[in-house]
file work_4.csv (CSV, C-alpha atoms)
chain,number,residue,atom,x,y,z
A,1,MET,CA,22.6,-2.5,-124.4
A,2,ILE,CA,20.0,-5.3,-124.7
A,3,THR,CA,18.7,-4.7,-121.2
A,4,SER,CA,17.5,-1.3,-122.1
A,5,SER,CA,15.0,-2.9,-124.5
A,6,GLY,CA,11.5,-3.2,-122.9
A,7,THR,CA,10.6,-5.7,-125.6
A,8,VAL,CA,13.5,-8.0,-124.8
A,9,CYS,CA,13.1,-7.7,-121.1
A,10,ALA,CA,9.4,-8.6,-121.4
A,11,ALA,CA,10.5,-11.7,-123.4
A,12,PHE,CA,13.0,-12.5,-120.7
A,13,GLU,CA,10.2,-12.4,-118.1
A,14,ALA,CA,8.1,-14.8,-120.2
A,15,VAL,CA,11.0,-17.2,-120.4
A,16,SER,CA,11.5,-17.0,-116.6
A,17,MET,CA,7.9,-18.3,-116.3
A,18,GLY,CA,8.5,-21.1,-118.8
A,19,ILE,CA,6.9,-19.4,-121.7
A,20,PRO,CA,8.8,-19.5,-125.0
A,21,ALA,CA,9.3,-16.0,-126.3
A,22,ILE,CA,10.3,-13.9,-129.3
A,23,ALA,CA,11.0,-10.2,-128.9
A,24,VAL,CA,10.0,-8.5,-132.1
A,25,SER,CA,10.8,-4.8,-133.0
A,26,LEU,CA,10.2,-2.8,-136.1
A,27,PHE,CA,13.0,-0.2,-136.5
A,28,ILE,CA,11.4,2.9,-137.9
A,29,ASP,CA,13.9,4.8,-140.0
A,30,PRO,CA,13.3,8.5,-139.2
A,31,LYS,CA,14.7,9.6,-142.6
A,32,THR,CA,12.1,7.6,-144.5
A,33,SER,CA,9.2,7.0,-142.1
A,34,TYR,CA,8.3,10.5,-140.8
A,35,LYS,CA,6.2,12.3,-143.3
A,36,GLN,CA,3.9,15.3,-143.5
A,37,ASP,CA,0.3,15.4,-144.8
A,38,GLU,CA,-1.2,18.1,-147.0
A,39,ASN,CA,-1.9,20.2,-143.8
A,40,GLY,CA,1.7,20.0,-142.6
A,41,GLU,CA,0.9,17.6,-139.8
A,42,TRP,CA,3.6,15.0,-139.2
A,43,TYR,CA,2.8,11.2,-139.1
A,44,VAL,CA,4.7,8.0,-139.1
A,45,ASP,CA,4.4,5.8,-142.2
A,46,TYR,CA,5.5,2.2,-141.6
A,47,ASP,CA,4.8,-1.2,-143.1
A,48,PHE,CA,4.7,-4.3,-141.0
A,49,THR,CA,4.5,-6.7,-144.1
A,50,LEU,CA,8.2,-7.9,-143.9
A,51,ALA,CA,8.1,-8.1,-140.1
A,52,LYS,CA,4.9,-10.3,-140.2
A,53,LYS,CA,6.4,-12.5,-142.9
A,54,VAL,CA,9.7,-13.0,-141.0
A,55,LEU,CA,7.9,-13.7,-137.7
A,56,HIS,CA,5.5,-16.1,-139.4
A,57,ASP,CA,8.4,-18.1,-140.9
A,58,LEU,CA,10.3,-18.1,-137.6
A,59,VAL,CA,7.2,-19.4,-135.7
A,60,LEU,CA,6.6,-22.1,-138.2
A,61,LYS,CA,10.3,-23.2,-137.8
A,62,ILE,CA,10.0,-23.2,-134.0
A,63,ILE,CA,6.8,-25.2,-134.2
A,64,ASP,CA,8.5,-27.7,-136.5
A,65,LYS,CA,11.9,-28.0,-134.8
A,66,GLY,CA,11.5,-26.2,-131.4
A,67,PHE,CA,14.1,-23.7,-130.0
A,68,PRO,CA,17.7,-24.6,-130.7
A,69,LYS,CA,19.7,-26.0,-127.8
A,70,ASP,CA,20.9,-23.2,-125.4
A,71,VAL,CA,18.6,-20.6,-127.0
A,72,ASP,CA,15.9,-19.3,-124.6
A,73,LEU,CA,14.5,-16.6,-126.8
A,74,PHE,CA,15.0,-14.8,-130.1
A,75,ASN,CA,15.4,-11.0,-130.6
A,76,LEU,CA,14.0,-10.2,-134.0
A,77,ASN,CA,14.6,-6.7,-135.4
A,78,VAL,CA,13.2,-5.6,-138.8
A,79,PRO,CA,14.0,-2.3,-140.5
A,80,THR,CA,11.3,-0.3,-142.3
A,81,ASN,CA,13.9,0.8,-144.8
A,82,HIS,CA,15.0,-2.8,-145.7
A,83,GLU,CA,17.1,-3.4,-148.9
A,84,SER,CA,17.1,-7.1,-148.4
A,85,GLU,CA,14.6,-9.6,-146.9
A,86,GLU,CA,17.3,-12.1,-146.0
A,87,VAL,CA,17.3,-12.7,-142.3
A,88,LYS,CA,20.8,-12.5,-140.8
A,89,ILE,CA,21.6,-14.5,-137.7
A,90,THR,CA,23.5,-12.0,-135.6
A,91,ASN,CA,25.2,-11.4,-132.3
A,92,LEU,CA,24.5,-8.4,-130.1
A,93,SER,CA,26.0,-5.1,-130.8
A,94,HIS,CA,27.9,-3.8,-127.8
A,95,ASN,CA,25.7,-0.7,-128.0
A,96,MET,CA,23.3,0.8,-130.4
A,97,LEU,CA,22.5,4.1,-128.7
A,98,ASP,CA,24.7,6.9,-127.6
A,99,LYS,CA,22.8,8.3,-124.6
A,100,LYS,CA,23.4,11.8,-123.3
A,101,VAL,CA,22.0,13.2,-120.1
A,102,ILE,CA,20.8,16.8,-120.7
A,103,ASP,CA,20.5,18.9,-117.6
A,104,ASN,CA,18.4,22.0,-117.8
A,105,THR,CA,19.9,23.3,-114.6
A,106,ASP,CA,23.3,23.7,-116.2
A,107,GLU,CA,23.6,27.1,-117.7
A,108,GLU,CA,26.2,26.0,-120.2
A,109,LYS,CA,24.0,23.3,-121.6
A,110,SER,CA,20.7,25.1,-121.5
A,111,GLU,CA,20.9,26.2,-125.1
A,112,ILE,CA,21.0,22.5,-126.3
A,113,PHE,CA,18.0,21.7,-124.1
A,114,ASN,CA,15.1,21.8,-126.4
A,115,TYR,CA,12.2,20.0,-124.8
A,116,HIS,CA,8.5,21.0,-125.2
A,117,LEU,CA,7.0,21.7,-121.7
A,118,GLU,CA,3.3,21.4,-120.9
A,119,GLU,CA,1.5,24.6,-119.9
A,120,ASN,CA,1.9,24.2,-116.2
A,121,GLN,CA,5.2,22.3,-116.2
A,122,LYS,CA,8.3,23.9,-114.7
A,123,SER,CA,11.7,23.5,-116.3
A,124,ASP,CA,13.8,24.4,-113.3
A,125,ASP,CA,15.1,20.9,-112.5
A,126,LEU,CA,14.3,19.1,-115.7
A,127,ILE,CA,16.8,16.4,-116.7
A,128,MET,CA,16.3,14.1,-119.7
A,129,ILE,CA,18.2,11.5,-121.6
A,130,ALA,CA,18.6,12.0,-125.3
A,131,SER,CA,19.7,9.1,-127.6
A,132,ASP,CA,21.5,9.1,-130.9
A,133,LEU,CA,22.2,6.0,-133.0
A,134,ILE,CA,25.7,4.7,-133.0
A,135,LYS,CA,27.3,5.2,-136.4
A,136,GLU,CA,29.6,2.1,-136.6
A,137,TYR,CA,28.8,-1.5,-135.9
A,138,GLU,CA,30.8,-4.7,-135.9
A,139,GLU,CA,30.1,-7.0,-138.9
A,140,GLY,CA,27.9,-9.8,-137.8
A,141,SER,CA,26.1,-7.8,-135.2
A,142,ASP,CA,22.4,-6.9,-135.1
A,143,GLY,CA,23.2,-3.2,-135.6
A,144,TYR,CA,25.3,-4.0,-138.6
A,145,ALA,CA,22.4,-6.0,-140.1
A,146,LEU,CA,19.9,-3.3,-139.4
A,147,PHE,CA,21.8,-0.2,-140.2
A,148,VAL,CA,24.5,-1.2,-142.7
A,149,GLU,CA,23.0,-4.2,-144.6
A,150,LYS,CA,19.4,-3.0,-144.0
A,151,CYS,CA,18.0,-6.4,-143.4
A,152,PRO,CA,16.2,-8.3,-140.6
A,153,SER,CA,18.3,-9.4,-137.7
A,154,LEU,CA,17.7,-12.5,-135.6
A,155,THR,CA,19.7,-12.8,-132.5
A,156,PRO,CA,19.5,-16.0,-130.4
A,157,LEU,CA,19.6,-15.2,-126.7
A,158,ASN,CA,20.1,-17.1,-123.5
A,159,VAL,CA,18.9,-15.9,-120.1
A,160,ASP,CA,22.2,-16.9,-118.5
A,161,MET,CA,24.1,-13.7,-118.9
A,162,ALA,CA,26.9,-14.9,-116.6
A,163,SER,CA,30.4,-14.9,-118.1
A,164,LYS,CA,32.2,-18.2,-117.4
A,165,ASN,CA,35.6,-17.1,-118.7
A,166,LEU,CA,37.5,-16.0,-115.6
A,167,LYS,CA,40.5,-18.3,-115.9
A,168,GLU,CA,42.9,-15.5,-116.7
A,169,TRP,CA,41.5,-13.1,-114.1

call {"tool": "encode", "arguments": {"input": "work_4.csv", "output": "structure tokens"}}
result
Amino acid sequence: MITSSGTVCAAFEAVSMGIPAIAVSLFIDPKTSYKQDENGEWYVDYDFTLAKKVLHDLVLKIIDKGFPKDVDLFNLNVPTNHESEEVKITNLSHNMLDKKVIDNTDEEKSEIFNYHLEENQKSDDLIMIASDLIKEYEEGSDGYALFVEKCPSLTPLNVDMASKNLKEW
């Protein structure tokens, strides 16, 4: 859901103050971006080169032509594991994350609760949300571009999230 993105919500706030905005996110593929050094320490290896290029080109176009009519902001997502540099104009996926609430107080679920606690932290009432990526996306959506086509996704957004189609209701 787009409203769970802090980056997009910050861009919405900018727009509400009259400031043109682009929400930009680099999707870090855990399969290719998490690596270990010679000491066995984990680190994240990512490259912003494509994200910088796509953002640069988008900003130049906005400077030249302005935002399109009825577009208040753009949501730009760039995968680190891209197979294509072609930017796809997309719509929003209905959902990208499958969120699960894990409750440490539930004996049946305690075995799947694997969360590192600080030295003085108690786990008696610890509840957390764990997320997994959705596996299937509708063609033309931002999730499809990112995870299936492995290319940058540009989704034009409007702050008016109201549905106007209630004639049949």

call {"tool": "closest_residue", "arguments": {"input": "work_4.csv", "among": "A:Ala11, A:Ile89, A:Gly6, A:Leu26", "to": "Lys52 of chain A", "atoms": "only C-alpha atoms"}}
result
A:Leu26

call {"tool": "atom_distance", "arguments": {"input": "work_4.csv", "atom1": "atom CA of Lys35 of chain A", "atom2": "atom CA of Ser153 of chain A"}}
result
25.5 Å

call {"tool": "residues_around", "arguments": {"input": "work_4.csv", "residues": "Gly140 of chain A", "least_positions_apart": "3", "cutoff": "10 Å", "atoms": "all atoms listed in the file", "output": "ChimeraX atom specification"}}
result
/A:88-93,137,143-145,153

call {"tool": "residues_around", "arguments": {"input": "work_4.csv", "residues": "Cys151 of chain A", "least_positions_apart": "4", "cutoff": "7 Å", "atoms": "all atoms listed in the file", "output": "ChimeraX atom specification"}}
result
/A:78-79,82-87,145-146

call {"tool": "closest_residue", "arguments": {"input": "work_4.csv", "among": "A:Glu38, A:Asp72, A:Glu136, A:Asp160", "to": "Gly18 of chain A", "atoms": "only C-alpha atoms"}}
result
A:Asp72

call {"tool": "atom_distance", "arguments": {"input": "work_4.csv", "atom1": "atom CA of Phe147 of chain A", "atom2": "atom CA of Ala23 of chain A"}}
result
18.6 Å

call {"tool": "atom_distance", "arguments": {"input": "work_4.csv", "atom1": "atom CA of Pro156 of chain A", "atom2": "atom CA of Leu73 of chain A"}}
result
6.2 Å

call {"tool": "closest_residue", "arguments": {"input": "work_4.csv", "among": "A:Glu139, A:Ile19, A:Gln36, A:Leu154", "to": "His94 of chain A", "atoms": "all atoms listed in the file"}}
result
A:Glu139

call {"tool": "closest_residue", "arguments": {"input": "work_4.csv", "among": "A:Glu149, A:Asp45, A:Glu168, A:Asp142", "to": "Asn77 of chain A", "atoms": "all atoms listed in the file"}}
result
A:Asp142

call {"tool": "residues_around", "arguments": {"input": "work_4.csv", "residues": "Tyr34 of chain A", "least_positions_apart": "3", "cutoff": "12 Å", "atoms": "only C-alpha atoms", "output": "VMD selection string"}}
result
chain A and resid 28 to 31 37 40 to 46 80 to 81

call {"tool": "write_last_selection", "arguments": {"input": "work_4.csv", "atoms": "C-alpha atoms", "output": "PDB file, keeping the file's coordinate frame"}}
result
ATOM      1  CA  ILE A  28      11.400   2.900-137.900  1.00  0.00           C
ATOM      2  CA  ASP A  29      13.900   4.800-140.000  1.00  0.00           C
ATOM      3  CA  PRO A  30      13.300   8.500-139.200  1.00  0.00           C
ATOM      4  CA  LYS A  31      14.700   9.600-142.600  1.00  0.00           C
ATOM      5  CA  ASP A  37       0.300  15.400-144.800  1.00  0.00           C
ATOM      6  CA  GLY A  40       1.700  20.000-142.600  1.00  0.00           C
ATOM      7  CA  GLU A  41       0.900  17.600-139.800  1.00  0.00           C
ATOM      8  CA  TRP A  42       3.600  15.000-139.200  1.00  0.00           C
ATOM      9  CA  TYR A  43       2.800  11.200-139.100  1.00  0.00           C
ATOM     10  CA  VAL A  44       4.700   8.000-139.100  1.00  0.00           C
ATOM     11  CA  ASP A  45       4.400   5.800-142.200  1.00  0.00           C
ATOM     12  CA  TYR A  46       5.500   2.200-141.600  1.00  0.00           C
ATOM     13  CA  THR A  80      11.300  -0.300-142.300  1.00  0.00           C
ATOM     14  CA  ASN A  81      13.900   0.800-144.800  1.00  0.00           C
TER      15      ASN A  81
END

call {"tool": "decode", "arguments": {"input": "work_4.csv", "residues": "segment 50-85 of chain A", "atoms": "C-alpha atoms", "output": "mmCIF file, in the first residue's frame"}}
result
data_model
loop_
_atom_site.group_PDB
_atom_site.id
_atom_site.type_symbol
_atom_site.label_atom_id
_atom_site.label_comp_id
_atom_site.auth_asym_id
_atom_site.auth_seq_id
_atom_site.Cartn_x
_atom_site.Cartn_y
_atom_site.Cartn_z
ATOM 1 C CA LEU A 50 21.081 4.110 -12.509
ATOM 2 C CA ALA A 51 18.879 5.832 -9.911
ATOM 3 C CA LYS A 52 20.898 9.060 -10.300
ATOM 4 C CA LYS A 53 20.674 8.882 -14.099
ATOM 5 C CA VAL A 54 16.908 8.253 -14.151
ATOM 6 C CA LEU A 55 16.264 10.985 -11.567
ATOM 7 C CA HIS A 56 18.482 13.431 -13.468
ATOM 8 C CA ASP A 57 16.625 12.788 -16.731
ATOM 9 C CA LEU A 58 13.243 13.101 -14.977
ATOM 10 C CA VAL A 59 14.170 16.410 -13.342
ATOM 11 C CA LEU A 60 15.377 17.820 -16.672
ATOM 12 C CA LYS A 61 12.068 16.834 -18.276
ATOM 13 C CA ILE A 62 10.094 18.443 -15.433
ATOM 14 C CA ILE A 63 12.160 21.635 -15.714
ATOM 15 C CA ASP A 64 11.495 21.687 -19.462
ATOM 16 C CA LYS A 65 7.813 20.706 -19.494
ATOM 17 C CA GLY A 66 6.591 20.920 -15.894
ATOM 18 C CA PHE A 67 4.517 18.218 -14.223
ATOM 19 C CA PRO A 68 1.854 16.636 -16.437
ATOM 20 C CA LYS A 69 -1.724 17.759 -15.892
ATOM 21 C CA ASP A 70 -3.331 16.014 -12.892
ATOM 22 C CA VAL A 71 0.033 14.710 -11.624
ATOM 23 C CA ASP A 72 1.056 16.081 -8.239
ATOM 24 C CA LEU A 73 4.140 13.960 -7.677
ATOM 25 C CA PHE A 74 6.073 11.034 -9.057
ATOM 26 C CA ASN A 75 7.007 7.820 -7.292
ATOM 27 C CA LEU A 76 10.272 6.547 -8.780
ATOM 28 C CA ASN A 77 11.539 3.094 -7.823
ATOM 29 C CA VAL A 78 14.824 1.744 -9.157
ATOM 30 C CA PRO A 79 15.991 -1.847 -8.583
ATOM 31 C CA THR A 80 19.634 -2.593 -7.779
ATOM 32 C CA ASN A 81 19.368 -5.805 -9.806
ATOM 33 C CA HIS A 82 18.108 -4.102 -12.966
ATOM 34 C CA GLU A 83 18.169 -5.972 -16.257
ATOM 35 C CA SER A 84 16.911 -2.983 -18.232
ATOM 36 C CA GLU A 85 17.433 0.748 -17.858
#
